[in-house]
file start_19.txt (compact mmCIF, C-alpha atoms)
# COMPACT_ATOMS: atom_id res chain seq x y z
CA GLY A 8 31.75 -14.68 2.26
CA GLY A 9 29.52 -16.42 -0.23
CA ALA A 10 29.28 -17.58 -3.80
CA ILE A 11 29.23 -15.00 -6.56
CA GLY A 12 25.64 -13.95 -7.17
CA GLU A 13 24.46 -14.78 -3.63
CA PRO A 14 23.80 -12.09 -1.00
CA THR A 15 26.82 -11.99 1.30
CA ASP A 16 25.53 -9.61 3.94
CA GLU A 17 22.29 -8.06 5.14
CA ARG A 18 22.75 -4.92 3.03
CA ASP A 19 21.09 -6.17 -0.15
CA MET A 20 17.58 -5.30 -1.33
CA SER A 21 16.00 -7.48 1.36
CA SER A 22 16.97 -4.82 3.89
CA ALA A 23 14.87 -1.67 4.05
CA SER A 24 17.51 0.22 6.04
CA ALA A 25 20.41 0.03 3.57
CA ASP A 26 21.42 2.87 1.24
CA PHE A 27 20.54 1.82 -2.32
CA SER A 28 21.16 5.18 -4.01
CA PRO A 29 23.02 4.72 -7.32
CA LEU A 30 25.78 7.18 -6.43
CA ARG A 31 26.51 5.14 -3.32
CA SER A 32 27.93 2.47 -5.66
CA TRP A 33 31.05 4.62 -6.11
CA GLN A 34 31.85 3.87 -2.44
CA TRP A 35 31.31 0.12 -2.57
CA TYR A 36 35.05 -0.40 -2.04
CA ALA A 37 34.23 0.12 1.64
CA GLU A 38 31.54 -2.57 1.65
CA SER A 39 32.00 -6.35 1.74
CA GLY A 40 30.95 -9.31 -0.37
CA ASP A 41 29.22 -8.70 -3.70
CA GLN A 42 29.30 -4.91 -3.53
CA GLN A 43 33.04 -4.77 -3.00
CA LEU A 44 33.56 -7.38 -5.74
CA ILE A 45 31.41 -5.39 -8.17
CA PHE A 46 33.40 -2.23 -7.38
CA TRP A 47 36.74 -3.87 -8.16
CA ILE A 48 35.45 -5.60 -11.30
CA CYS A 49 34.36 -2.15 -12.50
CA MET A 50 37.78 -0.72 -11.72
CA VAL A 51 39.60 -3.54 -13.55
CA LEU A 52 37.31 -3.23 -16.58
CA ASN A 53 37.78 0.55 -16.66
CA ALA A 54 41.57 0.25 -16.56
CA ALA A 55 41.68 -2.57 -19.13
CA PHE A 56 39.48 -0.73 -21.63
CA ILE A 57 41.30 2.58 -21.22
CA LEU A 58 44.53 0.72 -21.99
CA SER A 59 42.82 -0.96 -24.95
CA PHE A 60 41.65 2.46 -26.16
CA LEU A 61 45.20 3.81 -26.10
CA ILE A 62 46.50 0.76 -27.99
CA LEU A 63 43.75 0.95 -30.62
CA CYS A 64 44.30 4.70 -31.05
CA SER A 65 47.97 4.02 -31.79
CA GLY A 66 46.94 2.40 -35.08
CA VAL A 67 46.48 -1.23 -34.03
CA GLU A 68 43.28 -2.72 -35.48
CA ALA A 69 41.42 -5.49 -33.64
CA PRO A 70 41.68 -8.51 -35.99
CA TYR A 71 38.04 -9.28 -36.77
CA GLY A 72 35.56 -8.32 -39.48
CA ARG A 73 37.12 -6.53 -42.45
CA TYR A 74 40.48 -6.57 -40.65
CA ASN A 75 40.53 -10.39 -40.55
CA GLN A 76 41.07 -11.04 -44.27
CA ALA A 77 43.66 -13.60 -45.47
CA GLU A 78 45.96 -10.88 -46.80
CA ASP A 79 45.73 -9.02 -43.49
CA LYS A 80 46.57 -12.17 -41.50
CA ALA A 81 49.73 -12.68 -43.55
CA LYS A 82 50.98 -9.23 -42.53
CA LYS A 83 50.48 -9.75 -38.79
CA THR A 84 53.19 -10.84 -36.38
CA GLY A 85 53.39 -11.64 -32.69
CA ILE A 86 50.23 -11.39 -30.60
CA LEU A 87 48.11 -10.15 -33.53
CA ALA A 88 49.09 -13.21 -35.59
CA LEU A 89 48.12 -15.44 -32.67
CA LEU A 90 44.76 -13.72 -32.29
CA SER A 91 43.97 -14.40 -35.95
CA THR A 92 44.92 -18.11 -35.96
CA PHE A 93 41.62 -19.92 -35.31
CA ASP A 94 38.32 -18.52 -36.59
CA VAL A 95 34.80 -19.25 -35.34
CA PRO A 96 31.74 -18.87 -37.64
CA ALA A 97 30.24 -15.45 -36.95
CA LYS A 98 26.72 -16.61 -36.06
CA LEU A 99 28.01 -19.14 -33.53
CA ALA A 100 30.56 -16.70 -32.09
CA TRP A 101 27.92 -14.02 -31.46
CA VAL A 102 25.67 -16.46 -29.61
CA ILE A 103 28.49 -17.82 -27.45
CA GLN A 104 30.09 -14.50 -26.57
CA GLU A 105 26.89 -12.60 -25.77
CA CYS A 106 24.83 -15.28 -23.98
CA PRO A 107 26.30 -14.78 -20.45
CA THR A 108 24.42 -11.48 -20.21
CA LEU A 109 21.02 -13.18 -20.60
CA LEU A 110 22.00 -16.00 -18.24
CA TRP A 111 22.98 -13.49 -15.55
CA ALA A 112 19.77 -11.50 -16.11
CA ALA A 113 17.63 -14.62 -15.68
CA LYS A 114 19.57 -15.83 -12.63
CA CYS A 115 19.48 -12.44 -10.89
CA TRP A 116 15.79 -11.86 -11.68
CA LEU A 117 14.83 -15.26 -10.25
CA THR A 118 16.84 -14.77 -7.05
CA ALA A 119 16.08 -11.06 -6.49
CA GLY A 120 14.52 -9.81 -3.28
CA PRO A 121 11.04 -8.29 -2.85
CA LEU A 122 12.24 -4.68 -3.05
CA PHE A 123 13.51 -5.31 -6.59
CA HIS A 124 10.23 -6.85 -7.70
CA ALA A 125 8.41 -3.85 -6.19
CA SER A 126 10.59 -1.36 -8.08
CA TRP A 127 9.32 -0.61 -11.59
CA GLY A 128 12.38 1.55 -12.21
CA ASN A 129 14.77 -1.33 -11.57
CA LYS A 130 12.75 -3.70 -13.71
CA MET A 131 12.52 -1.17 -16.54
CA VAL A 132 16.29 -0.56 -16.64
CA LEU A 133 17.08 -4.27 -16.43
CA PHE A 134 14.56 -4.83 -19.23
CA CYS A 135 16.53 -2.35 -21.38
CA PHE A 136 19.63 -4.49 -20.82
CA VAL A 137 17.74 -7.69 -21.69
CA ILE A 138 16.17 -6.22 -24.86
CA HIS A 139 19.59 -5.24 -26.23
CA TYR A 140 21.17 -8.59 -25.50
CA THR A 141 18.21 -10.59 -26.76
CA ASN A 142 18.81 -8.82 -30.05
CA ARG A 143 22.59 -9.29 -29.93
CA THR A 144 22.52 -12.93 -28.78
CA ILE A 145 19.62 -14.30 -30.83
CA ILE A 146 18.06 -11.96 -33.40
CA PHE A 147 21.22 -10.31 -34.78
CA PRO A 148 23.08 -13.61 -35.46
CA LEU A 149 20.01 -15.17 -37.08
CA ARG A 150 19.58 -12.20 -39.42
CA SER A 151 23.25 -11.70 -40.27
CA ARG A 152 24.54 -12.88 -43.62
CA GLY A 153 28.00 -12.90 -45.10
CA SER A 154 29.65 -11.92 -41.80
CA LYS A 155 33.35 -12.64 -41.51
CA PRO A 156 34.44 -15.35 -39.01
CA ILE A 157 35.62 -14.14 -35.61
CA PRO A 158 39.02 -15.25 -34.24
CA PHE A 159 38.61 -17.54 -31.22
CA PRO A 160 40.61 -15.30 -28.80
CA ILE A 161 38.49 -12.28 -29.81
CA MET A 162 35.32 -14.29 -29.15
CA MET A 163 36.64 -15.39 -25.75
CA SER A 164 37.60 -11.85 -24.77
CA ALA A 165 34.04 -10.72 -25.61
CA PHE A 166 32.68 -13.72 -23.69
CA THR A 167 34.76 -12.76 -20.64
CA PHE A 168 33.55 -9.16 -20.82
CA CYS A 169 29.91 -10.28 -21.08
CA CYS A 170 30.38 -12.60 -18.08
CA CYS A 171 31.77 -9.74 -15.98
CA ASN A 172 29.43 -7.06 -17.29
CA GLY A 173 26.35 -9.26 -17.04
CA TYR A 174 27.20 -9.93 -13.41
CA ILE A 175 27.87 -6.34 -12.35
CA GLN A 176 24.81 -4.88 -14.13
CA CYS A 177 22.25 -7.53 -13.22
CA GLN A 178 23.45 -8.15 -9.67
CA SER A 179 23.51 -4.40 -8.96
CA LEU A 180 20.05 -3.76 -10.36
CA THR A 181 18.43 -6.69 -8.56
CA ARG A 182 20.14 -6.31 -5.16
CA TYR A 183 22.00 -3.10 -4.46
CA LEU A 184 20.54 -0.17 -6.43
CA THR A 185 17.16 1.52 -6.38
CA VAL A 186 16.08 3.22 -9.62
CA SER A 187 13.07 5.48 -9.31
CA PRO A 188 10.86 5.39 -12.44
CA SER A 189 9.99 9.07 -11.92
CA SER A 190 13.52 10.43 -11.36
CA SER A 191 14.96 12.83 -13.91
CA THR A 192 17.82 10.45 -14.70
CA THR A 193 15.41 7.64 -15.55
CA LEU A 194 13.11 9.89 -17.57
CA ILE A 195 16.08 11.15 -19.62
CA GLY A 196 18.17 7.99 -19.72
CA VAL A 197 15.59 5.50 -20.93
CA PRO A 198 14.54 7.57 -24.01
CA VAL A 199 18.22 8.15 -24.87
CA TRP A 200 18.79 4.39 -24.57
CA ALA A 201 15.74 3.72 -26.77
CA LEU A 202 16.98 6.18 -29.42
CA GLY A 203 20.37 4.48 -29.41
CA LEU A 204 18.75 1.05 -29.76
CA TYR A 205 16.63 2.22 -32.70
CA LEU A 206 19.61 3.80 -34.48
CA ASN A 207 21.72 0.71 -33.76
CA MET A 208 19.16 -1.70 -35.22
CA ASP A 209 18.59 0.63 -38.18
CA ALA A 210 22.34 0.69 -38.88
CA ASP A 211 22.46 -3.11 -38.65
CA HIS A 212 19.58 -3.30 -41.14
CA ILE A 213 21.36 -0.97 -43.58
CA LEU A 214 24.61 -2.95 -43.37
CA ARG A 215 22.80 -6.27 -43.70
CA ASN A 216 21.11 -5.16 -46.91
CA LEU A 217 24.04 -3.40 -48.58
CA ARG A 218 24.64 -6.31 -50.97
CA LYS A 219 22.06 -8.08 -53.06
CA PRO A 220 22.02 -11.91 -53.02
CA GLY A 221 25.14 -13.20 -54.77
CA GLU A 222 27.00 -9.89 -54.59
CA LYS A 223 30.42 -9.63 -52.96
CA GLY A 224 32.68 -6.81 -51.87
CA TYR A 225 32.06 -3.64 -49.90
CA LYS A 226 29.71 -0.74 -50.64
CA ILE A 227 29.21 2.70 -49.13
CA PRO A 228 26.42 2.50 -46.53
CA ARG A 229 23.78 5.19 -46.93
CA GLY A 230 20.73 6.27 -44.99
CA GLY A 231 19.98 6.74 -41.29
CA LEU A 232 22.90 7.76 -39.10
CA PHE A 233 25.30 6.68 -41.88
CA GLU A 234 24.53 9.98 -43.60
CA TYR A 235 26.49 11.65 -40.81
CA VAL A 236 29.08 9.15 -39.53
CA SER A 237 30.96 6.13 -40.89
CA GLY A 238 30.55 4.22 -37.62
CA ALA A 239 26.78 4.60 -37.30
CA ASN A 240 26.33 1.26 -35.55
CA PHE A 241 29.16 2.07 -33.13
CA ALA A 242 27.92 5.59 -32.39
CA ALA A 243 24.41 4.26 -31.77
CA GLU A 244 25.59 1.59 -29.36
CA ILE A 245 27.69 4.11 -27.42
CA LEU A 246 24.58 6.33 -27.21
CA GLU A 247 22.58 3.35 -25.94
CA TRP A 248 24.86 2.72 -23.00
CA ILE A 249 25.28 6.40 -22.18
CA GLY A 250 21.48 6.45 -21.86
CA PHE A 251 21.64 3.30 -19.74
CA MET A 252 24.26 4.89 -17.48
CA VAL A 253 22.04 7.95 -16.99
CA ALA A 254 19.00 5.71 -16.35
CA THR A 255 20.88 3.89 -13.57
CA GLY A 256 21.41 7.24 -11.87
CA PHE A 257 25.08 7.45 -12.91
CA SER A 258 25.86 4.29 -10.95
CA LEU A 259 29.41 2.92 -11.10
CA PRO A 260 28.38 -0.24 -13.03
CA GLY A 261 26.43 1.87 -15.55
CA PHE A 262 29.37 4.25 -15.97
CA SER A 263 31.78 1.35 -16.49
CA PHE A 264 29.57 -0.10 -19.22
CA ALA A 265 29.38 3.20 -21.08
CA LEU A 266 33.13 3.80 -20.70
CA CYS A 267 34.10 0.31 -21.89
CA THR A 268 31.76 0.58 -24.89
CA ALA A 269 33.18 3.96 -25.93
CA CYS A 270 36.79 2.80 -25.48
CA ASN A 271 36.15 -0.31 -27.58
CA LEU A 272 33.95 1.04 -30.36
CA GLY A 273 35.25 4.60 -30.71
CA PRO A 274 38.61 3.60 -32.25
CA ARG A 275 36.78 1.01 -34.38
CA ALA A 276 34.67 3.78 -35.90
CA VAL A 277 37.81 5.83 -36.62
CA SER A 278 39.44 2.81 -38.33
CA HIS A 279 36.32 2.23 -40.42
CA HIS A 280 36.23 5.89 -41.45
CA LYS A 281 39.86 5.77 -42.57
CA TRP A 282 39.26 2.47 -44.39
CA TYR A 283 36.20 3.79 -46.25
CA LYS A 284 38.01 6.95 -47.37
CA GLU A 285 41.01 4.98 -48.63
CA LYS A 286 38.87 2.43 -50.47
CA PHE A 287 36.28 4.74 -52.06
CA GLN A 288 38.37 7.93 -52.21
CA GLU A 289 36.52 10.67 -54.12
CA ASP A 290 33.26 8.69 -54.06
CA TYR A 291 33.06 8.77 -50.28
CA PRO A 292 30.85 11.54 -48.82
CA LYS A 293 33.07 14.46 -47.81
CA ARG A 294 30.94 15.72 -44.93
CA ARG A 295 30.63 12.34 -43.23
CA LYS A 296 32.51 12.13 -39.91
CA ALA A 297 33.85 9.06 -38.09
CA LEU A 298 31.80 8.84 -34.88
CA ILE A 299 30.19 12.12 -33.78
CA PRO A 300 28.02 13.91 -36.38
CA PHE A 301 29.47 17.24 -37.58
CA VAL A 302 32.32 17.00 -35.02
CA TRP A 303 34.62 13.94 -35.28

call {"tool": "encode", "arguments": {"input": "start_19.txt", "output": "structure tokens"}}
result
Amino acid sequence: GGAIGEPTDERDMSSASADFSPLRSWQWYAESGDQQLIFWICMVLNAAFILSFLILCSGVEAPYGRYNQAEDKAKKTGILALLSTFDVPAKLAWVIQECPTLLWAAKCWLTAGPLFHASWGNKMVLFCFVIHYTNRTIIFPLRSRGSKPIPFPIMMSAFTFCCCNGYIQCQSLTRYLTVSPSSSTTLIGVPVWALGLYLNMDADHILRNLRKPGEKGYKIPRGGLFEYVSGANFAAEILEWIGFMVATGFSLPGFSFALCTACNLGPRAVSHHKWYKEKFQEDYPKRRKALIPFVW
């Protein structure tokens, strides 16, 4: 055994004889130590987010953002009422809930073995992860304005996910996976990730500038991916992590990240689409879809 984050056997990236192929990660249940722990964390996350997807698709709306208004809170009962009880300022909540990813990245980078530091593919894919979360943890909260407070339990659930996801992604990439910078999966996955990041940041920019200083209320977002889908920011982030999954060579941790993102944000995009159509009615663009351009 060993502490989480420490090599627990000789089959980490300090050993030249181990099998570091990304697809091997789907068999880590047969390993010991970190690899087995990563496998089961992935399995638990997959199951939890699939269950969450089914609940959200049944019509339940996660109580944050536009669904965390005073009139909405008054209508909630049971667990949803509890989740909406205590709010945290949005800027602070984003920093707290997202920061474990950067802490894990720094810790794993500093303790990684020589094979990781010799692998440009591994460093490039980990850098993709760090770029996204530097934006989400620091830049996005600093730029946001007028964001609704986030209920404390919602913030803590995001914090827990980022703790688990930061660990499985960063530990895998710095110890147990080898990503070739010239493989087809890397050459396809990284540009797809970059496109998703660009569209995501562009959608954030559009939403941030919807209202002029002093204005209140909601407006129809226009421009960029919003011309095609109501959940442009959600669609872009799902695209990001699909690209990341491909770049990791379809590793189990990469797959889990893409699956969890889609299960969480897909229903959110559908809820937003329904909300926009009900609020703006005939003024809302008829050809705009919820999540996938021209399809859904």

call {"tool": "axis_aligned_box", "arguments": {"input": "start_19.txt", "around": "stretch 235-240 of chain A", "padding_each_side": "6 Å", "output": "AutoDock Vina command-line options"}}
result
--center_x 28.6 --center_y 6.5 --center_z -38.2 --size_x 16.6 --size_y 22.4 --size_z 17.3

call {"tool": "closest_residue", "arguments": {"input": "start_19.txt", "among": "A:Thr144, A:Thr167, A:Thr118, A:Ser179", "to": "A:Gln43", "atoms": "only C-alpha atoms"}}
result
A:Ser179

call {"tool": "atom_distance", "arguments": {"input": "start_19.txt", "atom1": "atom CA of A:Gly250", "atom2": "atom CA of A:Asn172"}}
result
16.3 Å

call {"tool": "residues_around", "arguments": {"input": "start_19.txt", "residues": "A:Lys284", "least_positions_apart": "2", "cutoff": "12 Å", "atoms": "only C-alpha atoms", "output": "PDB file with C-alpha atoms, keeping the file's coordinate frame"}}
result
ATOM      1  CA  LYS A 226      29.710  -0.740 -50.640  1.00  0.00           C
ATOM      2  CA  ILE A 227      29.210   2.700 -49.130  1.00  0.00           C
ATOM      3  CA  SER A 237      30.960   6.130 -40.890  1.00  0.00           C
ATOM      4  CA  VAL A 277      37.810   5.830 -36.620  1.00  0.00           C
ATOM      5  CA  SER A 278      39.440   2.810 -38.330  1.00  0.00           C
ATOM      6  CA  HIS A 279      36.320   2.230 -40.420  1.00  0.00           C
ATOM      7  CA  HIS A 280      36.230   5.890 -41.450  1.00  0.00           C
ATOM      8  CA  LYS A 281      39.860   5.770 -42.570  1.00  0.00           C
ATOM      9  CA  TRP A 282      39.260   2.470 -44.390  1.00  0.00           C
ATOM     10  CA  LYS A 286      38.870   2.430 -50.470  1.00  0.00           C
ATOM     11  CA  PHE A 287      36.280   4.740 -52.060  1.00  0.00           C
ATOM     12  CA  GLN A 288      38.370   7.930 -52.210  1.00  0.00           C
ATOM     13  CA  GLU A 289      36.520  10.670 -54.120  1.00  0.00           C
ATOM     14  CA  ASP A 290      33.260   8.690 -54.060  1.00  0.00           C
ATOM     15  CA  TYR A 291      33.060   8.770 -50.280  1.00  0.00           C
ATOM     16  CA  PRO A 292      30.850  11.540 -48.820  1.00  0.00           C
ATOM     17  CA  LYS A 293      33.070  14.460 -47.810  1.00  0.00           C
ATOM     18  CA  ARG A 294      30.940  15.720 -44.930  1.00  0.00           C
ATOM     19  CA  ARG A 295      30.630  12.340 -43.230  1.00  0.00           C
ATOM     20  CA  LYS A 296      32.510  12.130 -39.910  1.00  0.00           C
ATOM     21  CA  ALA A 297      33.850   9.060 -38.090  1.00  0.00           C
TER      22      ALA A 297
END

call {"tool": "residues_around", "arguments": {"input": "start_19.txt", "residues": "A:Ile249", "least_positions_apart": "6", "cutoff": "12 Å", "atoms": "only C-alpha atoms", "output": "tab-separated table (two decimals) with C-alpha atoms, keeping the file's coordinate frame"}}
result
chain	number	residue	atom	x	y	z
A	192	THR	CA	17.82	10.45	-14.70
A	193	THR	CA	15.41	7.64	-15.55
A	195	ILE	CA	16.08	11.15	-19.62
A	196	GLY	CA	18.17	7.99	-19.72
A	197	VAL	CA	15.59	5.50	-20.93
A	198	PRO	CA	14.54	7.57	-24.01
A	199	VAL	CA	18.22	8.15	-24.87
A	200	TRP	CA	18.79	4.39	-24.57
A	201	ALA	CA	15.74	3.72	-26.77
A	202	LEU	CA	16.98	6.18	-29.42
A	203	GLY	CA	20.37	4.48	-29.41
A	204	LEU	CA	18.75	1.05	-29.76
A	242	ALA	CA	27.92	5.59	-32.39
A	243	ALA	CA	24.41	4.26	-31.77
A	255	THR	CA	20.88	3.89	-13.57
A	256	GLY	CA	21.41	7.24	-11.87
A	257	PHE	CA	25.08	7.45	-12.91
A	258	SER	CA	25.86	4.29	-10.95
A	260	PRO	CA	28.38	-0.24	-13.03
A	261	GLY	CA	26.43	1.87	-15.55
A	262	PHE	CA	29.37	4.25	-15.97
A	263	SER	CA	31.78	1.35	-16.49
A	264	PHE	CA	29.57	-0.10	-19.22
A	265	ALA	CA	29.38	3.20	-21.08
A	266	LEU	CA	33.13	3.80	-20.70
A	267	CYS	CA	34.10	0.31	-21.89
A	268	THR	CA	31.76	0.58	-24.89
A	269	ALA	CA	33.18	3.96	-25.93

call {"tool": "closest_residue", "arguments": {"input": "start_19.txt", "among": "A:Thr92, A:Ser190, A:Gln104, A:Ser154", "to": "A:Arg218", "atoms": "all atoms listed in the file"}}
result
A:Ser154

call {"tool": "residues_around", "arguments": {"input": "start_19.txt", "residues": "A:Ile146", "least_positions_apart": "2", "cutoff": "12 Å", "atoms": "all atoms listed in the file", "output": "PyMOL selection string"}}
result
chain A and resi 98+101-102+105+138-144+148-151+208+211-212

call {"tool": "closest_residue", "arguments": {"input": "start_19.txt", "among": "A:Trp116, A:Phe251, A:Phe123, A:Phe93", "to": "A:Leu194", "atoms": "all atoms listed in the file"}}
result
A:Phe251

call {"tool": "closest_residue", "arguments": {"input": "start_19.txt", "among": "A:Val302, A:Val186, A:Ile157, A:Cys171", "to": "A:Asn129", "atoms": "only C-alpha atoms"}}
result
A:Val186

call {"tool": "residues_around", "arguments": {"input": "start_19.txt", "residues": "A:Pro300", "least_positions_apart": "3", "cutoff": "7 Å", "atoms": "only C-alpha atoms", "output": "MDAnalysis selection string"}}
result
chainID A and resid 235:236 296 303

call {"tool": "build_atoms", "arguments": {"input": "start_19.txt", "residues": "stretch 122-139 of chain A", "atoms": "N, CA, C and O atoms", "output": "PDB file, keeping the file's coordinate frame"}}
result
ATOM      1  N   LEU A 122      12.139  -6.105  -2.712  1.00  0.00           N
ATOM      2  CA  LEU A 122      12.240  -4.680  -3.050  1.00  0.00           C
ATOM      3  C   LEU A 122      12.512  -4.489  -4.542  1.00  0.00           C
ATOM      4  O   LEU A 122      12.045  -3.523  -5.140  1.00  0.00           O
ATOM      5  N   PHE A 123      13.285  -5.396  -5.147  1.00  0.00           N
ATOM      6  CA  PHE A 123      13.510  -5.310  -6.590  1.00  0.00           C
ATOM      7  C   PHE A 123      12.205  -5.511  -7.336  1.00  0.00           C
ATOM      8  O   PHE A 123      11.855  -4.744  -8.237  1.00  0.00           O
ATOM      9  N   HIS A 124      11.475  -6.545  -6.981  1.00  0.00           N
ATOM     10  CA  HIS A 124      10.230  -6.850  -7.700  1.00  0.00           C
ATOM     11  C   HIS A 124       9.171  -5.776  -7.477  1.00  0.00           C
ATOM     12  O   HIS A 124       8.222  -5.672  -8.262  1.00  0.00           O
ATOM     13  N   ALA A 125       9.340  -4.965  -6.425  1.00  0.00           N
ATOM     14  CA  ALA A 125       8.410  -3.850  -6.190  1.00  0.00           C
ATOM     15  C   ALA A 125       8.850  -2.577  -6.891  1.00  0.00           C
ATOM     16  O   ALA A 125       8.098  -1.598  -6.928  1.00  0.00           O
ATOM     17  N   SER A 126      10.053  -2.572  -7.455  1.00  0.00           N
ATOM     18  CA  SER A 126      10.590  -1.360  -8.080  1.00  0.00           C
ATOM     19  C   SER A 126      10.440  -1.422  -9.598  1.00  0.00           C
ATOM     20  O   SER A 126      11.178  -2.149 -10.277  1.00  0.00           O
ATOM     21  N   TRP A 127       9.511  -0.646 -10.139  1.00  0.00           N
ATOM     22  CA  TRP A 127       9.320  -0.610 -11.590  1.00  0.00           C
ATOM     23  C   TRP A 127      10.516   0.020 -12.285  1.00  0.00           C
ATOM     24  O   TRP A 127      10.838  -0.324 -13.413  1.00  0.00           O
ATOM     25  N   GLY A 128      11.200   0.941 -11.612  1.00  0.00           N
ATOM     26  CA  GLY A 128      12.380   1.550 -12.210  1.00  0.00           C
ATOM     27  C   GLY A 128      13.480   0.536 -12.440  1.00  0.00           C
ATOM     28  O   GLY A 128      14.085   0.487 -13.520  1.00  0.00           O
ATOM     29  N   ASN A 129      13.750  -0.289 -11.425  1.00  0.00           N
ATOM     30  CA  ASN A 129      14.770  -1.330 -11.570  1.00  0.00           C
ATOM     31  C   ASN A 129      14.418  -2.305 -12.675  1.00  0.00           C
ATOM     32  O   ASN A 129      15.270  -2.677 -13.501  1.00  0.00           O
ATOM     33  N   LYS A 130      13.168  -2.730 -12.696  1.00  0.00           N
ATOM     34  CA  LYS A 130      12.750  -3.700 -13.710  1.00  0.00           C
ATOM     35  C   LYS A 130      12.822  -3.107 -15.118  1.00  0.00           C
ATOM     36  O   LYS A 130      13.206  -3.784 -16.070  1.00  0.00           O
ATOM     37  N   MET A 131      12.481  -1.830 -15.235  1.00  0.00           N
ATOM     38  CA  MET A 131      12.520  -1.170 -16.540  1.00  0.00           C
ATOM     39  C   MET A 131      13.950  -1.077 -17.068  1.00  0.00           C
ATOM     40  O   MET A 131      14.220  -1.381 -18.243  1.00  0.00           O
ATOM     41  N   VAL A 132      14.900  -0.692 -16.204  1.00  0.00           N
ATOM     42  CA  VAL A 132      16.290  -0.560 -16.640  1.00  0.00           C
ATOM     43  C   VAL A 132      16.899  -1.926 -16.951  1.00  0.00           C
ATOM     44  O   VAL A 132      17.621  -2.090 -17.944  1.00  0.00           O
ATOM     45  N   LEU A 133      16.594  -2.926 -16.129  1.00  0.00           N
ATOM     46  CA  LEU A 133      17.080  -4.270 -16.430  1.00  0.00           C
ATOM     47  C   LEU A 133      16.476  -4.780 -17.733  1.00  0.00           C
ATOM     48  O   LEU A 133      17.143  -5.466 -18.519  1.00  0.00           O
ATOM     49  N   PHE A 134      15.225  -4.431 -17.988  1.00  0.00           N
ATOM     50  CA  PHE A 134      14.560  -4.830 -19.230  1.00  0.00           C
ATOM     51  C   PHE A 134      15.272  -4.218 -20.438  1.00  0.00           C
ATOM     52  O   PHE A 134      15.406  -4.864 -21.481  1.00  0.00           O
ATOM     53  N   CYS A 135      15.760  -2.979 -20.288  1.00  0.00           N
ATOM     54  CA  CYS A 135      16.530  -2.350 -21.380  1.00  0.00           C
ATOM     55  C   CYS A 135      17.759  -3.207 -21.698  1.00  0.00           C
ATOM     56  O   CYS A 135      18.084  -3.454 -22.869  1.00  0.00           O
ATOM     57  N   PHE A 136      18.444  -3.644 -20.664  1.00  0.00           N
ATOM     58  CA  PHE A 136      19.630  -4.490 -20.820  1.00  0.00           C
ATOM     59  C   PHE A 136      19.265  -5.792 -21.536  1.00  0.00           C
ATOM     60  O   PHE A 136      19.953  -6.218 -22.469  1.00  0.00           O
ATOM     61  N   VAL A 137      18.157  -6.397 -21.113  1.00  0.00           N
ATOM     62  CA  VAL A 137      17.740  -7.690 -21.690  1.00  0.00           C
ATOM     63  C   VAL A 137      17.305  -7.528 -23.149  1.00  0.00           C
ATOM     64  O   VAL A 137      17.611  -8.387 -23.986  1.00  0.00           O
ATOM     65  N   ILE A 138      16.606  -6.447 -23.469  1.00  0.00           N
ATOM     66  CA  ILE A 138      16.170  -6.220 -24.860  1.00  0.00           C
ATOM     67  C   ILE A 138      17.384  -6.149 -25.780  1.00  0.00           C
ATOM     68  O   ILE A 138      17.415  -6.780 -26.847  1.00  0.00           O
ATOM     69  N   HIS A 139      18.392  -5.370 -25.389  1.00  0.00           N
ATOM     70  CA  HIS A 139      19.590  -5.240 -26.230  1.00  0.00           C
ATOM     71  C   HIS A 139      20.245  -6.600 -26.447  1.00  0.00           C
ATOM     72  O   HIS A 139      20.589  -6.952 -27.584  1.00  0.00           O
TER      73      HIS A 139
END
